[in-house]
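Dumped query32.txt below, it's compact mmCIF, C-alpha atoms:
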# COMPACT_ATOMS: atom_id res chain seq x y z
CA MET A 1 107.79 121.15 99.64
CA VAL A 2 105.53 119.53 102.24
CA ASP A 3 107.13 118.44 105.52
CA LEU A 4 106.66 114.65 105.64
CA THR A 5 106.91 114.70 109.44
CA ASN A 6 103.91 117.00 109.74
CA ILE A 7 101.23 115.45 107.52
CA HIS A 8 97.58 115.30 108.54
CA THR A 9 96.37 111.88 109.67
CA PRO A 10 94.10 110.53 106.89
CA VAL A 11 90.36 110.63 107.50
CA LEU A 12 88.91 107.46 109.12
CA LEU A 13 92.34 105.82 108.96
CA ASP A 14 91.62 103.10 111.53
CA GLU A 15 88.37 102.18 109.80
CA CYS A 16 90.10 101.99 106.40
CA VAL A 17 92.79 99.69 107.80
CA ARG A 18 90.14 97.52 109.46
CA LEU A 19 88.25 97.14 106.18
CA VAL A 20 91.22 96.56 103.86
CA THR A 21 93.71 94.41 105.76
CA PRO A 22 91.64 91.21 106.38
CA ALA A 23 92.11 90.48 102.67
CA LEU A 24 95.90 90.75 103.03
CA GLU A 25 96.60 88.11 105.67
CA HIS A 26 98.42 85.65 103.43
CA PRO A 27 101.84 85.52 101.76
CA GLY A 28 102.06 87.39 98.48
CA ALA A 29 98.89 89.44 99.07
CA VAL A 30 98.60 92.52 96.85
CA VAL A 31 96.74 95.75 97.61
CA VAL A 32 96.40 98.64 95.18
CA ASP A 33 96.09 102.15 96.57
CA CYS A 34 94.55 103.89 93.58
CA THR A 35 94.93 107.37 95.11
CA LEU A 36 98.32 107.19 96.78
CA GLY A 37 98.74 110.86 97.67
CA LEU A 38 101.38 111.18 100.39
CA ALA A 39 100.97 107.51 101.36
CA GLY A 40 99.13 108.03 104.64
CA HIS A 41 96.79 105.11 104.03
CA ALA A 42 99.41 103.07 102.17
CA THR A 43 101.96 103.07 105.00
CA ALA A 44 99.24 102.08 107.47
CA PHE A 45 98.14 99.16 105.25
CA LEU A 46 101.68 97.81 104.92
CA LYS A 47 102.40 98.12 108.64
CA ALA A 48 99.16 96.27 109.48
CA ALA A 49 99.73 93.59 106.81
CA PRO A 50 103.39 92.51 106.91
CA GLN A 51 102.90 89.80 104.26
CA ALA A 52 101.43 92.17 101.69
CA ARG A 53 102.91 94.37 99.01
CA LEU A 54 101.32 97.57 97.76
CA ILE A 55 101.01 99.19 94.35
CA GLY A 56 100.55 102.93 94.69
CA ILE A 57 98.94 104.80 91.79
CA ASP A 58 98.91 108.58 91.51
CA ARG A 59 98.68 110.96 88.59
CA ASP A 60 100.51 113.69 90.54
CA GLU A 61 104.24 113.19 89.98
CA GLU A 62 105.21 115.37 92.94
CA ALA A 63 102.98 113.39 95.30
CA LEU A 64 104.35 110.12 93.90
CA SER A 65 107.93 111.23 94.52
CA MET A 66 107.18 112.30 98.08
CA ALA A 67 105.25 109.11 98.82
CA THR A 68 108.22 107.06 97.58
CA GLN A 69 110.51 109.03 99.88
CA ARG A 70 108.16 108.40 102.79
CA MET A 71 108.10 104.66 102.10
CA LYS A 72 111.91 104.59 102.23
CA GLU A 73 111.94 106.50 105.50
CA GLU A 74 109.40 104.07 106.96
CA GLY A 75 111.41 101.04 105.80
CA LEU A 76 108.53 99.84 103.60
CA ASP A 77 109.96 100.49 100.15
CA ALA A 78 110.81 96.81 99.50
CA ARG A 79 107.07 96.06 99.47
CA PHE A 80 106.04 99.17 97.54
CA THR A 81 105.69 99.80 93.79
CA PRO A 82 104.92 103.40 92.74
CA VAL A 83 103.11 103.97 89.43
CA HIS A 84 102.53 107.30 87.70
CA ALA A 85 99.05 106.94 86.20
CA ALA A 86 95.43 107.95 86.61
CA PHE A 87 93.35 105.43 88.51
CA ASP A 88 91.18 104.70 85.47
CA GLU A 89 94.29 103.07 83.97
CA PHE A 90 93.91 100.31 86.59
CA ASP A 91 93.81 97.46 84.05
CA ASP A 92 96.82 98.78 82.16
CA VAL A 93 98.83 99.11 85.37
CA LEU A 94 98.13 95.51 86.37
CA GLU A 95 98.88 94.24 82.86
CA THR A 96 102.21 96.04 82.87
CA LEU A 97 103.07 94.52 86.25
CA GLY A 98 101.99 91.05 85.15
CA LEU A 99 99.16 90.76 87.66
CA LYS A 100 95.82 89.12 86.94
CA ARG A 101 94.16 89.54 90.34
CA VAL A 102 94.62 91.64 93.48
CA ASP A 103 93.43 91.07 97.02
CA ALA A 104 92.29 94.59 97.80
CA ALA A 105 91.85 97.98 96.17
CA PHE A 106 91.44 101.27 98.00
CA MET A 107 90.38 104.72 96.80
CA ASP A 108 90.38 108.01 98.75
CA LEU A 109 88.62 110.44 96.45
CA GLY A 110 89.44 113.56 98.47
CA LEU A 111 92.27 115.96 97.77
CA SER A 112 95.61 114.93 99.24
CA SER A 113 97.38 117.02 101.88
CA LEU A 114 99.84 118.08 99.19
CA GLN A 115 97.10 119.46 96.95
CA ILE A 116 95.30 121.19 99.81
CA ASP A 117 98.31 122.66 101.57
CA GLU A 118 100.48 123.71 98.63
CA THR A 119 99.57 127.07 97.17
CA ASP A 120 100.80 127.00 93.58
CA ARG A 121 97.99 125.15 91.74
CA GLY A 122 94.88 126.98 92.88
CA PHE A 123 93.02 124.03 94.40
CA SER A 124 92.07 126.13 97.42
CA TYR A 125 90.36 129.50 97.70
CA SER A 126 92.43 130.09 100.87
CA HIS A 127 95.54 131.05 98.88
CA ASP A 128 95.99 133.24 95.83
CA ALA A 129 97.46 131.09 93.07
CA PRO A 130 97.05 130.43 89.33
CA LEU A 131 93.77 128.67 88.52
CA ASP A 132 95.35 125.37 87.57
CA MET A 133 93.72 122.53 89.58
CA ARG A 134 95.37 119.77 87.53
CA MET A 135 96.24 116.69 89.53
CA ASP A 136 98.48 115.64 86.66
CA THR A 137 100.43 118.71 85.58
CA SER A 138 101.44 117.02 82.33
CA GLN A 139 97.90 117.45 80.97
CA GLY A 140 97.29 120.68 79.11
CA PHE A 141 93.76 121.59 80.19
CA ASP A 142 93.39 123.64 83.40
CA ALA A 143 90.73 125.57 85.34
CA ALA A 144 91.65 128.92 83.81
CA GLN A 145 90.88 127.53 80.35
CA ILE A 146 87.46 126.34 81.49
CA LEU A 147 86.61 129.80 82.79
CA ALA A 148 87.92 131.39 79.59
CA GLU A 149 86.41 129.03 77.02
CA TYR A 150 83.25 127.37 78.35
CA SER A 151 79.94 128.91 77.37
CA GLU A 152 77.67 130.30 80.05
CA ALA A 153 75.42 127.24 79.73
CA GLU A 154 78.38 124.88 80.15
CA LEU A 155 79.56 126.74 83.25
CA VAL A 156 76.06 126.57 84.71
CA ARG A 157 76.03 122.82 84.11
CA ILE A 158 79.30 122.05 85.88
CA PHE A 159 78.57 124.38 88.83
CA ARG A 160 75.12 122.88 89.26
CA GLU A 161 76.01 119.23 88.59
CA TYR A 162 79.41 118.97 90.26
CA GLY A 163 79.09 121.72 92.87
CA GLN A 164 75.35 121.61 93.51
CA GLU A 165 75.59 125.39 93.56
CA ARG A 166 72.17 127.06 93.75
CA PHE A 167 73.52 130.31 92.29
CA SER A 168 75.10 128.64 89.25
CA LYS A 169 73.41 130.91 86.71
CA PRO A 170 74.36 134.29 88.20
CA ILE A 171 77.90 133.07 88.91
CA ALA A 172 78.33 131.81 85.32
CA ARG A 173 76.86 135.03 83.95
CA ALA A 174 79.28 137.09 86.05
CA ILE A 175 82.24 135.02 84.85
CA VAL A 176 81.33 135.53 81.19
CA ARG A 177 80.84 139.24 81.77
CA GLU A 178 84.12 139.56 83.70
CA ARG A 179 86.25 137.68 81.16
CA GLU A 180 85.22 140.12 78.45
CA LYS A 181 87.19 142.72 80.40
CA GLU A 182 89.92 140.57 81.93
CA PRO A 183 90.58 136.80 82.02
CA LEU A 184 90.11 135.06 85.35
CA LYS A 185 93.52 133.58 86.06
CA THR A 186 93.89 133.37 89.84
CA SER A 187 92.01 131.79 92.72
CA ARG A 188 91.72 135.21 94.35
CA GLN A 189 89.93 136.67 91.31
CA LEU A 190 87.41 133.84 91.28
CA ASP A 191 86.92 133.97 95.05
CA VAL A 192 86.17 137.71 94.93
CA LEU A 193 83.75 137.27 92.01
CA VAL A 194 81.73 134.54 93.75
CA ASP A 195 81.71 136.56 96.98
CA ARG A 196 80.27 139.46 95.05
CA VAL A 197 77.53 137.37 93.40
CA VAL A 198 76.23 135.13 96.17
CA PRO A 199 73.81 137.00 98.47
CA LYS A 200 75.02 137.12 102.08
CA SER A 201 71.53 136.22 103.25
CA HIS A 202 71.65 132.89 101.37
CA ARG A 203 75.06 131.60 102.41
CA GLY A 204 75.80 128.48 104.36
CA LYS A 205 78.84 127.84 106.50
CA GLY A 206 82.26 128.44 105.04
CA ASN A 207 83.46 130.25 101.95
CA PRO A 208 80.70 130.76 99.33
CA ALA A 209 83.18 129.84 96.58
CA LYS A 210 83.86 126.32 97.85
CA ARG A 211 81.25 124.67 95.60
CA VAL A 212 82.52 126.47 92.51
CA PHE A 213 86.11 125.44 93.24
CA GLN A 214 84.98 121.86 93.79
CA ALA A 215 83.07 121.80 90.51
CA LEU A 216 86.03 123.16 88.57
CA ARG A 217 88.40 120.60 90.09
CA ILE A 218 86.07 117.74 89.14
CA GLU A 219 85.69 119.04 85.60
CA VAL A 220 89.41 119.68 85.07
CA ASN A 221 90.38 116.19 86.19
CA GLY A 222 87.38 114.29 84.82
CA GLU A 223 86.99 112.72 88.25
CA LEU A 224 83.46 111.31 88.04
CA ASP A 225 83.95 109.81 84.59
CA LYS A 226 87.21 108.24 85.70
CA LEU A 227 85.56 106.83 88.83
CA LYS A 228 82.74 105.26 86.81
CA CYS A 229 85.28 103.59 84.52
CA THR A 230 87.58 102.45 87.34
CA LEU A 231 85.17 100.64 89.67
CA PRO A 232 84.26 97.90 87.13
CA GLN A 233 87.95 97.40 86.30
CA ILE A 234 88.69 96.81 89.98
CA ALA A 235 85.78 94.41 90.40
CA ASN A 236 86.94 92.26 87.50
CA ARG A 237 90.44 92.10 89.00
CA LEU A 238 89.51 91.15 92.57
CA ALA A 239 90.54 87.75 93.83
CA LEU A 240 87.92 85.71 95.68
CA SER A 241 87.40 87.31 99.11
CA GLY A 242 89.11 90.42 97.76
CA ARG A 243 87.94 93.81 98.99
CA LEU A 244 87.06 97.14 97.42
CA VAL A 245 87.03 100.10 99.84
CA VAL A 246 86.24 103.68 98.81
CA GLU A 247 86.18 107.01 100.66
CA SER A 248 84.05 109.71 99.00
CA TYR A 249 83.71 113.38 99.89
CA HIS A 250 81.10 114.47 97.38
CA SER A 251 77.52 113.25 97.10
CA LEU A 252 77.89 112.45 93.39
CA GLU A 253 81.01 110.39 94.07
CA ASP A 254 79.28 108.52 96.87
CA ARG A 255 76.20 107.92 94.73
CA THR A 256 78.41 106.51 91.97
CA VAL A 257 80.14 104.17 94.42
CA LYS A 258 76.88 103.12 96.09
CA THR A 259 75.18 102.43 92.74
CA PHE A 260 78.10 100.37 91.50
CA MET A 261 78.33 98.27 94.64
CA ALA A 262 74.58 97.69 94.67
CA GLN A 263 74.88 95.79 91.39
CA GLY A 264 76.69 93.01 93.20
CA LEU A 265 74.84 93.26 96.52
CA ASN A 266 71.37 92.61 95.12
CA VAL A 267 69.77 89.48 93.72
CA ASP A 268 70.02 89.59 89.94
CA ALA A 269 66.52 88.29 89.21
CA PRO A 270 62.91 89.50 88.99
CA ALA A 271 61.25 90.08 92.37
CA ASP A 272 58.47 87.56 91.70
CA LEU A 273 60.79 84.62 91.02
CA PRO A 274 59.86 81.81 93.48
CA VAL A 275 63.32 80.21 93.50
CA ILE A 276 66.51 82.20 93.07
CA PRO A 277 69.19 80.32 91.07
CA ALA A 278 72.65 80.23 92.58
CA ASP A 279 73.98 82.22 89.63
CA ALA A 280 71.59 85.07 90.46
CA GLN A 281 72.72 85.42 94.07
CA PRO A 282 74.74 88.51 95.07
CA PHE A 283 78.47 88.33 94.39
CA PHE A 284 79.42 91.16 96.75
CA LYS A 285 79.13 91.09 100.53
CA GLU A 286 78.64 94.45 102.23
CA LEU A 287 81.31 95.35 104.76
CA THR A 288 79.98 98.67 106.04
CA ARG A 289 76.15 98.42 106.19
CA GLY A 290 75.72 101.65 104.31
CA ALA A 291 78.38 104.33 104.65
CA ILE A 292 80.64 104.98 107.62
CA LYS A 293 80.82 108.67 108.55
CA ALA A 294 83.25 110.64 110.68
CA ASP A 295 82.08 111.14 114.26
CA GLU A 296 81.94 114.50 116.02
CA ALA A 297 85.37 114.06 117.59
CA GLU A 298 87.05 113.48 114.23
CA ILE A 299 85.18 116.35 112.59
CA GLU A 300 86.24 118.68 115.39
CA HIS A 301 89.86 117.51 115.04
CA ASN A 302 89.75 117.60 111.23
CA PRO A 303 86.91 119.64 109.66
CA ARG A 304 87.81 118.17 106.24
CA SER A 305 86.32 114.86 107.40
CA ALA A 306 82.74 116.18 107.71
CA PRO A 307 81.46 115.06 104.28
CA VAL A 308 83.28 111.70 104.15
CA ARG A 309 81.39 108.52 103.28
CA LEU A 310 83.30 105.22 103.53
CA ARG A 311 81.96 102.09 101.83
CA GLY A 312 83.37 98.62 101.33
CA VAL A 313 82.45 95.30 99.76
CA GLU A 314 84.03 91.85 99.60
CA LEU A 315 83.90 89.52 96.61
CA ALA A 316 81.88 86.64 98.05
CA ARG A 317 81.86 84.47 94.93
CA GLU A 318 83.20 84.63 91.41
CA ILE A 319 81.51 87.30 89.32
CA PRO A 320 79.19 85.71 86.71
CA GLU A 321 80.47 85.96 83.17
CA ARG A 322 77.58 88.18 82.05
CA TRP A 323 78.54 90.69 84.74
CA ARG A 324 82.23 90.50 83.86
CA ASN A 325 81.35 91.29 80.25
CA ARG A 326 79.14 94.15 81.38
CA PHE A 327 81.92 95.56 83.55
CA VAL A 328 84.30 95.45 80.60
CA GLN A 329 81.86 97.62 78.66
CA ASP A 330 81.28 99.93 81.63
CA ALA A 331 85.04 100.40 81.96
CA LYS A 332 85.06 101.69 78.39
CA GLY A 333 82.31 104.18 79.23
CA ASN A 334 79.57 102.50 77.18
CA SER A 335 77.50 100.12 79.25
CA GLY A 336 75.17 98.93 76.49
CA HIS A 337 72.77 97.39 79.02
CA SER A 338 69.39 98.36 80.38
CA PRO A 339 69.04 100.62 83.44
CA ASP A 340 67.82 97.79 85.65
CA GLY A 341 70.72 95.55 84.63
CA ARG A 342 68.54 92.48 84.05
CA VAL A 343 67.71 92.15 80.38
CA GLU A 344 70.55 89.77 79.54
CA PHE A 345 69.57 87.49 82.39
CA LEU A 346 65.79 87.30 81.91
CA HIS A 347 66.01 84.58 79.26
CA ASP A 348 68.12 82.39 81.57
CA ILE A 349 65.76 83.03 84.46
CA ARG A 350 62.67 82.04 82.49
CA ASN A 351 64.41 78.89 81.28
CA HIS A 352 65.20 78.06 84.88
CA GLN A 353 61.53 78.53 85.84
CA ASP A 354 60.39 76.29 82.99
CA ASN A 355 62.83 73.58 84.01
CA GLN A 356 61.66 73.78 87.62
CA LYS A 357 58.05 73.33 86.51
CA LYS A 358 58.95 70.34 84.34
CA ARG A 359 60.77 68.65 87.22
CA ARG A 360 57.82 69.27 89.57
CA GLY A 361 55.42 67.98 86.88
Would you write out, as structure tokens, the structure that this file holds?
Amino acid sequence: MVDLTNIHTPVLLDECVRLVTPALEHPGAVVVDCTLGLAGHATAFLKAAPQARLIGIDRDEEALSMATQRMKEEGLDARFTPVHAAFDEFDDVLETLGLKRVDAAFMDLGLSSLQIDETDRGFSYSHDAPLDMRMDTSQGFDAAQILAEYSEAELVRIFREYGQERFSKPIARAIVREREKEPLKTSRQLDVLVDRVVPKSHRGKGNPAKRVFQALRIEVNGELDKLKCTLPQIANRLALSGRLVVESYHSLEDRTVKTFMAQGLNVDAPADLPVIPADAQPFFKELTRGAIKADEAEIEHNPRSAPVRLRGVELAREIPERWRNRFVQDAKGNSGHSPDGRVEFLHDIRNHQDNQKKRRG
């Protein structure tokens, strides 16, 4: 059990509070913490926004229980609703609670202190533990099964795509060879294998197994797919002037967040259009001007903060219906629209141009 009095301060906590709480300065405001963890961010939001209530979502039942205990100890439990779910169930959670819109949504995509510091699920190569890595222990699929059942090509893919590991092929080959003799079941076994494969002359800082562990965690929990499905759900549920704030720790996560936000930050019209219709104007307003990063002082105090990228947007106007429909499809995992996101709108744009010409004529 983690000591609630000795929990690490969340990364960029002050910046997260500054970005989220302006949307909560009215009676009945609702914020959803989609990655509750041990409620480090959540307690800070509620203390800074006394009129708001918070819905805390987490797929880890142990974390949810401890966060609920912390809220009681902080005297915040009357404004707190815990929900056991994955964050890609965002729409279902709000439907169950009878909510149509929320004023803010926050996501911290890093591991929680509980997952990092506890030693029984194999998230970390620092402790010998079963290769589990499930955030929700009720699901059946774990990291050991991936290492036992995935083909060499599949292992190469996840190590390369999710871990950006340059030695993906030799590591995958070694895993397949090793499991023929003995299954890889513990974090120590995997750590030793990677240490044996990766040349010492080609290592960066830190443990050479960190990218492999990261890739396995992402694959076990389906993190990137869930993120891609969750962001459009949140957007469609934001109230006007509502805010979406996301902390990422992996370049693929940050790229997913950046790409999603860009859809609402850019003009939705061809570049050569002389007059931009109001309906083609951006519907998001950028809050961070790119990504906020941890400074040297925070990195020195908490090395885990080094890769963090914090981004936020505000809903500046109602999302056009075509975009709402598109987000509904994206939330299902099948976008059905062109890569540049403009095909559906071109007909309307050209009609607008023709009407402008007629009026000028």
Report as JSON lines: every residue of segment 208-271 of chain A with an atom at most 9 Å from segment 13-27 of chain A, its closest pair of atoms, and their distance in Å to one decimal, counting all atoms listed in the file, with rows sorted by chain and ascending residue number.
{"residue": "A:Ser241", "atom": "CA", "partner": "A:Ala23", "partner_atom": "CA", "distance": 6.7}
{"residue": "A:Gly242", "atom": "CA", "partner": "A:Ala23", "partner_atom": "CA", "distance": 5.8}
{"residue": "A:Arg243", "atom": "CA", "partner": "A:Ala23", "partner_atom": "CA", "distance": 6.5}
{"residue": "A:Leu244", "atom": "CA", "partner": "A:Val20", "partner_atom": "CA", "distance": 7.7}
{"residue": "A:Val245", "atom": "CA", "partner": "A:Val20", "partner_atom": "CA", "distance": 6.8}
{"residue": "A:Val246", "atom": "CA", "partner": "A:Cys16", "partner_atom": "CA", "distance": 8.7}
{"residue": "A:Glu247", "atom": "CA", "partner": "A:Cys16", "partner_atom": "CA", "distance": 8.6}
**Study point:** Nearest-residue call for Lys205 of chain A, choices A:Ala235, A:Glu73, A:His84, A:Pro303, using all atoms listed in the file
**Key:**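 For Lys205 of chain A, the nearest of the candidates is A:Pro303.
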Check your understanding: Quick one: distance from atom CA of Asp136 of chain A to atom CA of Arg59 of chain A in Å, one decimal?
Key -> 5.1 Å
Exercise for review: Quick one: everything within 12 Å of Val313 of chain A, counting only C-alpha atoms, minus sequence neighbours fewer than 6 positions away in the same chain. Send it as a PyMOL selection string.
Suggested key: chain A and resi 19-20+23+104-106+231+234-235+238+240-246+257-258+260-265+282-291
Which residues, written as a PDB file with C-alpha atoms, in the frame of the given file, have at least one atom at most 10 Å from Trp323 of chain A, with only C-alpha atoms counted and residues fewer than 3 positions away on the same chain left out?
ATOM      1  CA  PRO A 232      84.260  97.900  87.130  1.00  0.00           C
ATOM      2  CA  ALA A 235      85.780  94.410  90.400  1.00  0.00           C
ATOM      3  CA  ASN A 236      86.940  92.260  87.500  1.00  0.00           C
ATOM      4  CA  GLN A 263      74.880  95.790  91.390  1.00  0.00           C
ATOM      5  CA  GLY A 264      76.690  93.010  93.200  1.00  0.00           C
ATOM      6  CA  PHE A 283      78.470  88.330  94.390  1.00  0.00           C
ATOM      7  CA  ILE A 319      81.510  87.300  89.320  1.00  0.00           C
ATOM      8  CA  PRO A 320      79.190  85.710  86.710  1.00  0.00           C
ATOM      9  CA  ARG A 326      79.140  94.150  81.380  1.00  0.00           C
ATOM     10  CA  PHE A 327      81.920  95.560  83.550  1.00  0.00           C
ATOM     11  CA  VAL A 328      84.300  95.450  80.600  1.00  0.00           C
ATOM     12  CA  GLN A 329      81.860  97.620  78.660  1.00  0.00           C
ATOM     13  CA  GLY A 341      70.720  95.550  84.630  1.00  0.00           C
ATOM     14  CA  GLU A 344      70.550  89.770  79.540  1.00  0.00           C
ATOM     15  CA  PHE A 345      69.570  87.490  82.390  1.00  0.00           C
TER      16      PHE A 345
END
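The space between atom CA of Ile292 of chain A and atom CA of Leu310 of chain A spans 4.9 Å.
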Could you give me the axis-aligned bounding box of segment 78-93 of chain A, with 3 Å of padding per side, as centre plus edge lengths in Å to one decimal, as JSON?
{"center_x": 101.0, "center_y": 102.0, "center_z": 90.8, "size_x": 25.6, "size_y": 17.9, "size_z": 23.3}
Exercise for review: Within 10 Å of Phe213 of chain A, counting only C-alpha atoms, which residues show up once you throw out same-chain ones fewer than 3 positions away? Write them as a list in words, please.
Suggested key: Gly122, Phe123, Ser124, Tyr125, Leu131, Met133, Ala143, Phe159, Tyr162, Gly163, Ser187, Leu190, Asp191, Pro208, Ala209, Lys210, Leu216, Arg217, Ile218 and Glu219 of chain A
Practice item. Kindly give the distance, in Å, that separates atom CA of Asn266 of chain A and atom CA of Val30 of chain A, rounded to a single decimal. Key: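 Separating atom CA of Asn266 of chain A from atom CA of Val30 of chain A is a distance of 27.3 Å.
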Review point. Of the candidates A:Arg211, A:Arg311, A:Gly333, A:Lys293, which one gets nearest to Arg255 of chain A if we count all atoms listed in the file?
Key: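 Checking each of A:Arg211, A:Arg311, A:Gly333, A:Lys293 against Arg255 of chain A, counting all atoms listed in the file, the winner is A:Arg311.
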Check your understanding: Can you tell me, as a list in words, what residues are no more than 10 Å from segment 198-203 of chain A when counting all atoms listed in the file, ignoring any on the same chain fewer than 2 positions away?
Key -> Arg166, Phe167, Ser168, Pro170, Ile171, Leu193, Val194, Asp195, Arg196, Lys205, Gly206, Asn207, Pro208 and Ala209 of chain A
Those same residues - C-alpha atoms - I'd like them written as a short mmCIF file (atom, residue, chain, number, x, y, z; two decimals), keeping the file's coordinate frame.
data_model
loop_
_atom_site.label_atom_id
_atom_site.label_comp_id
_atom_site.auth_asym_id
_atom_site.auth_seq_id
_atom_site.Cartn_x
_atom_site.Cartn_y
_atom_site.Cartn_z
CA ARG A 166 72.17 127.06 93.75
CA PHE A 167 73.52 130.31 92.29
CA SER A 168 75.10 128.64 89.25
CA PRO A 170 74.36 134.29 88.20
CA ILE A 171 77.90 133.07 88.91
CA LEU A 193 83.75 137.27 92.01
CA VAL A 194 81.73 134.54 93.75
CA ASP A 195 81.71 136.56 96.98
CA ARG A 196 80.27 139.46 95.05
CA LYS A 205 78.84 127.84 106.50
CA GLY A 206 82.26 128.44 105.04
CA ASN A 207 83.46 130.25 101.95
CA PRO A 208 80.70 130.76 99.33
CA ALA A 209 83.18 129.84 96.58
#
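Summary of the local environment: counting all atoms listed in the file, residues at most 12 Å from Leu97 of chain A, other than itself and those fewer than 3 positions away along its chain, are Val30, Val32, Ile55, Thr81, Pro82, Val83, Phe90, Asp91, Asp92, Val93, Leu94, Lys100, Arg101 and Val102 of chain A.
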**Study point:** A:Leu184, A:Ile299, A:Ala269, A:Ala215 ranked by distance to Val156 of chain A, top pick (using only C-alpha atoms)
**Key:**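 Among A:Leu184, A:Ile299, A:Ala269, A:Ala215, it is A:Ala215 that comes nearest to Val156 of chain A.
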Exercise for review: Counting all atoms listed in the file, write as a list in words all protein and nucleic acid residues lying at most 10 Å from (78.7, 109.2, 89.1) in the file's frame.
Suggested key: Tyr162, Glu223, Leu224, Asp225, Lys226, Leu227, Lys228, Cys229, Ser251, Leu252, Glu253, Asp254, Arg255, Thr256, Val257, Lys258, Thr259 and Phe260 of chain A
Review point. Using all atoms listed in the file, what residues lie at most 8 Å away from (95.9, 108.8, 85.8) (file coordinates), given as JSON, numbers by chain?
Key: {"A": [57, 58, 59, 84, 85, 86, 87, 88, 89, 136]}
Point to revise | Top pick for closest residue to Thr68 of chain A, considering A:Gln189, A:Ser151, A:Thr43, A:Gln233 and counting only C-alpha atoms | key: A:Thr43
